[in-house]
Amino acid sequence: MLRALIAVALAIPLYETLRYFALRRARESLQRRARSYAEQHGVRVDLFKFGGKLLVREELLNDLAVVHGMMGAVQKGERPTDVRERVEEYIDEIVPAFSLTAYYQVGMKLARAAIRAVYKPIIVRAAPDLPPDSTAVFLINHRSNFDYVVVGWALARQVAISYAVGEWARIFPLDVLFKAFGGFFVRRGFPDPLYHIVLRRYLQLITRRGVTQGIFPEGGLTRDGALRSPKVGLLDALLQLSCEPGYERELYFVPVGINYDRVLEDEALLAEQRGRENPPTAAEKLRGALRLLAIVPARAAVNLLRVATGRLHRHGYVAVAFGDPVRWRDMPQSARIKDLSDEARRALAKEVASILMERIARAIPATPVPLVARAALELRCDATEAELAQRVREIRSRLEERGAPTALGREFDAHRAAQAALAEDLERNRDLLRLEGEVLATEEAEQIVSLGLERLTQRLLLRLENGRIRLGQHPHATDLLEYYARSLALLSEPGGERARG
């Protein structure tokens, strides 16, 4: 018995020692691989992220604006210790604990797997290169909780981006994951002024230190498919920083457009739109996010089986396009911001937000489902496939005139090759070139209609009856068609009489 006890006493510390060194070796290996990836692809990783939470905490606690806010709360009768504890709680909640290993060895691998399990991803326009001593703020339209994954994946070989994340994600394990990926949480509409002081100063601190950020100006998911009016609180904080003494970095706003052939939460979002005028609660947002977390691995498992049987099915395209960067110093509003009152500066921020939202609208790519949905609604859901293809061509022309791109995947490689050959053929007759170009454009539109109809008929939003395309049997077919049509934000509201079956 004594020998057994001695053996156990020796085995436990030996096991713990071996476990420690094994975990340490695995962690160091992952860190080396993450650094190697970043160096190999020239990824911009902002050094300030590696300073740790303690450094940021001390900077915020000693920040004059935060100190004045704490003194104001004390003067209103609160105990100094309670105020200090509350500020420390806000700092702990807001400030992330960025991990390069978590971002590249876990996050981006999961992102790639999740995206490819559900969609055919396309980067329509790549992100621009910006000066290394500048701060980039990516402004993104918000259609799905998948947006975080899509933009992070699209930028993975250029920069590690930090997101402003809604409070719906403040639950384990989402909070740990988002913080490890560099995200910071935002409580929109929270009543405590001290919280907003801490949040504003943190945002200004990371901007001053050059941290690349991703912000959703709409402040939440679109419920009806259209772009929402922007919230300007975070933008106002950035503009306020730009005129502070000692701020010398160039500030760039980069518009980002995302579009989907299928938003996984579309029916839930439309149900919220129909069922209530008030915005959803944090619990409802959380339920939607958890539903998304359940759908993605389930879809991945199903698709693995389909890959094995040669029947892989995805929800069509997810497309992202980056617009031309806007340097804040080049905007006329930058010359008017100095010495403005808070109210006047906020009004100026609304003006700037309106301009930037227009840039975002021009960046949103047209994918097959929104194009076909828009064409079907304009034709009152009563058209042949040829008529639908002609209308899709017209809609694309309207979008291209305004600068919006179209997402065309590998299905269009043959069309692209033929168009490139035509462009290089200088010996052909001009009229013949024009005719062949028209034929290629028609074939391209027909392919778009084929892809879009496949998705929309599967969901019973449209149906083929006696050679004509008509409204499907889905109880909310028209609402869903309008939802996707509205994603083409440069076009007017899909109006006229609502389609009938």
# chains A, B, ... in the order shown; residues from 1 in each chain; ligands from 1
$ select_by_dssp --residues "stretch 225-262 of chain A" --states "strand (DSSP E or B)" --output "ChimeraX atom specification"
/A:250-260
$ residues_around --residues "stretch 374-379 of chain A" --least-positions-apart "3" --cutoff "12 Å" --atoms "only C-alpha atoms" --output "JSON, numbers by chain"
{"A": [366, 367, 368, 369, 370, 371, 382, 383, 384, 385, 386, 387, 388, 389, 390, 391, 392, 393, 394, 395, 396, 445, 448, 449, 452, 453, 456, 461, 462, 463, 468, 469, 470, 471, 472, 477, 478, 479, 480, 481, 482, 483, 484, 485, 486, 487, 488, 489, 491, 492, 493, 494, 495, 496, 497, 498, 499, 500, 501]}
$ select_by_dssp --residues "stretch 427-489 of chain A" --states "helix (DSSP H, G or I)" --output "number ranges by chain"
A: 430-458, 477-485
$ atom_distance --atom1 "atom CA of A:Leu241" --atom2 "atom CA of A:Lys53"
21.6 Å
$ residues_around --residues "A:Gly183" --least-positions-apart "6" --cutoff "7 Å" --atoms "only C-alpha atoms" --output "PyMOL selection string"
chain A and resi 96+162-165
$ write_last_selection --atoms "all heavy atoms" --output "PDB file, in the first residue's frame"
ATOM      1  N   PRO A  96      -9.872  44.172 -25.449  1.00  0.00           N
ATOM      2  CA  PRO A  96      -9.639  42.779 -25.809  1.00  0.00           C
ATOM      3  C   PRO A  96      -8.275  42.291 -25.351  1.00  0.00           C
ATOM      4  O   PRO A  96      -7.437  43.065 -24.900  1.00  0.00           O
ATOM      5  CB  PRO A  96      -9.713  42.808 -27.343  1.00  0.00           C
ATOM      6  CG  PRO A  96      -9.245  44.177 -27.709  1.00  0.00           C
ATOM      7  CD  PRO A  96      -9.706  45.084 -26.590  1.00  0.00           C
ATOM      8  N   SER A 162      -9.664  44.649 -35.927  1.00  0.00           N
ATOM      9  CA  SER A 162     -10.378  44.652 -34.644  1.00  0.00           C
ATOM     10  C   SER A 162     -11.778  45.189 -34.865  1.00  0.00           C
ATOM     11  O   SER A 162     -11.946  46.283 -35.419  1.00  0.00           O
ATOM     12  CB  SER A 162      -9.645  45.527 -33.618  1.00  0.00           C
ATOM     13  OG  SER A 162      -8.390  44.978 -33.291  1.00  0.00           O
ATOM     14  N   TYR A 163     -12.782  44.446 -34.435  1.00  0.00           N
ATOM     15  CA  TYR A 163     -14.171  44.825 -34.655  1.00  0.00           C
ATOM     16  C   TYR A 163     -14.787  45.493 -33.426  1.00  0.00           C
ATOM     17  O   TYR A 163     -14.469  45.140 -32.286  1.00  0.00           O
ATOM     18  CB  TYR A 163     -15.027  43.599 -34.952  1.00  0.00           C
ATOM     19  CG  TYR A 163     -14.887  43.038 -36.335  1.00  0.00           C
ATOM     20  CD1 TYR A 163     -14.367  41.769 -36.525  1.00  0.00           C
ATOM     21  CD2 TYR A 163     -15.283  43.756 -37.454  1.00  0.00           C
ATOM     22  CE1 TYR A 163     -14.246  41.226 -37.787  1.00  0.00           C
ATOM     23  CE2 TYR A 163     -15.165  43.225 -38.721  1.00  0.00           C
ATOM     24  CZ  TYR A 163     -14.651  41.965 -38.878  1.00  0.00           C
ATOM     25  OH  TYR A 163     -14.532  41.431 -40.133  1.00  0.00           O
ATOM     26  N   ALA A 164     -15.701  46.406 -33.690  1.00  0.00           N
ATOM     27  CA  ALA A 164     -16.637  46.845 -32.663  1.00  0.00           C
ATOM     28  C   ALA A 164     -17.806  45.864 -32.681  1.00  0.00           C
ATOM     29  O   ALA A 164     -18.511  45.756 -33.678  1.00  0.00           O
ATOM     30  CB  ALA A 164     -17.137  48.265 -32.970  1.00  0.00           C
ATOM     31  N   VAL A 165     -17.981  45.115 -31.579  1.00  0.00           N
ATOM     32  CA  VAL A 165     -18.944  44.017 -31.528  1.00  0.00           C
ATOM     33  C   VAL A 165     -20.088  44.386 -30.597  1.00  0.00           C
ATOM     34  O   VAL A 165     -19.863  44.960 -29.527  1.00  0.00           O
ATOM     35  CB  VAL A 165     -18.258  42.717 -31.035  1.00  0.00           C
ATOM     36  CG1 VAL A 165     -19.227  41.544 -31.091  1.00  0.00           C
ATOM     37  CG2 VAL A 165     -17.024  42.420 -31.872  1.00  0.00           C
TER      38      VAL A 165
END
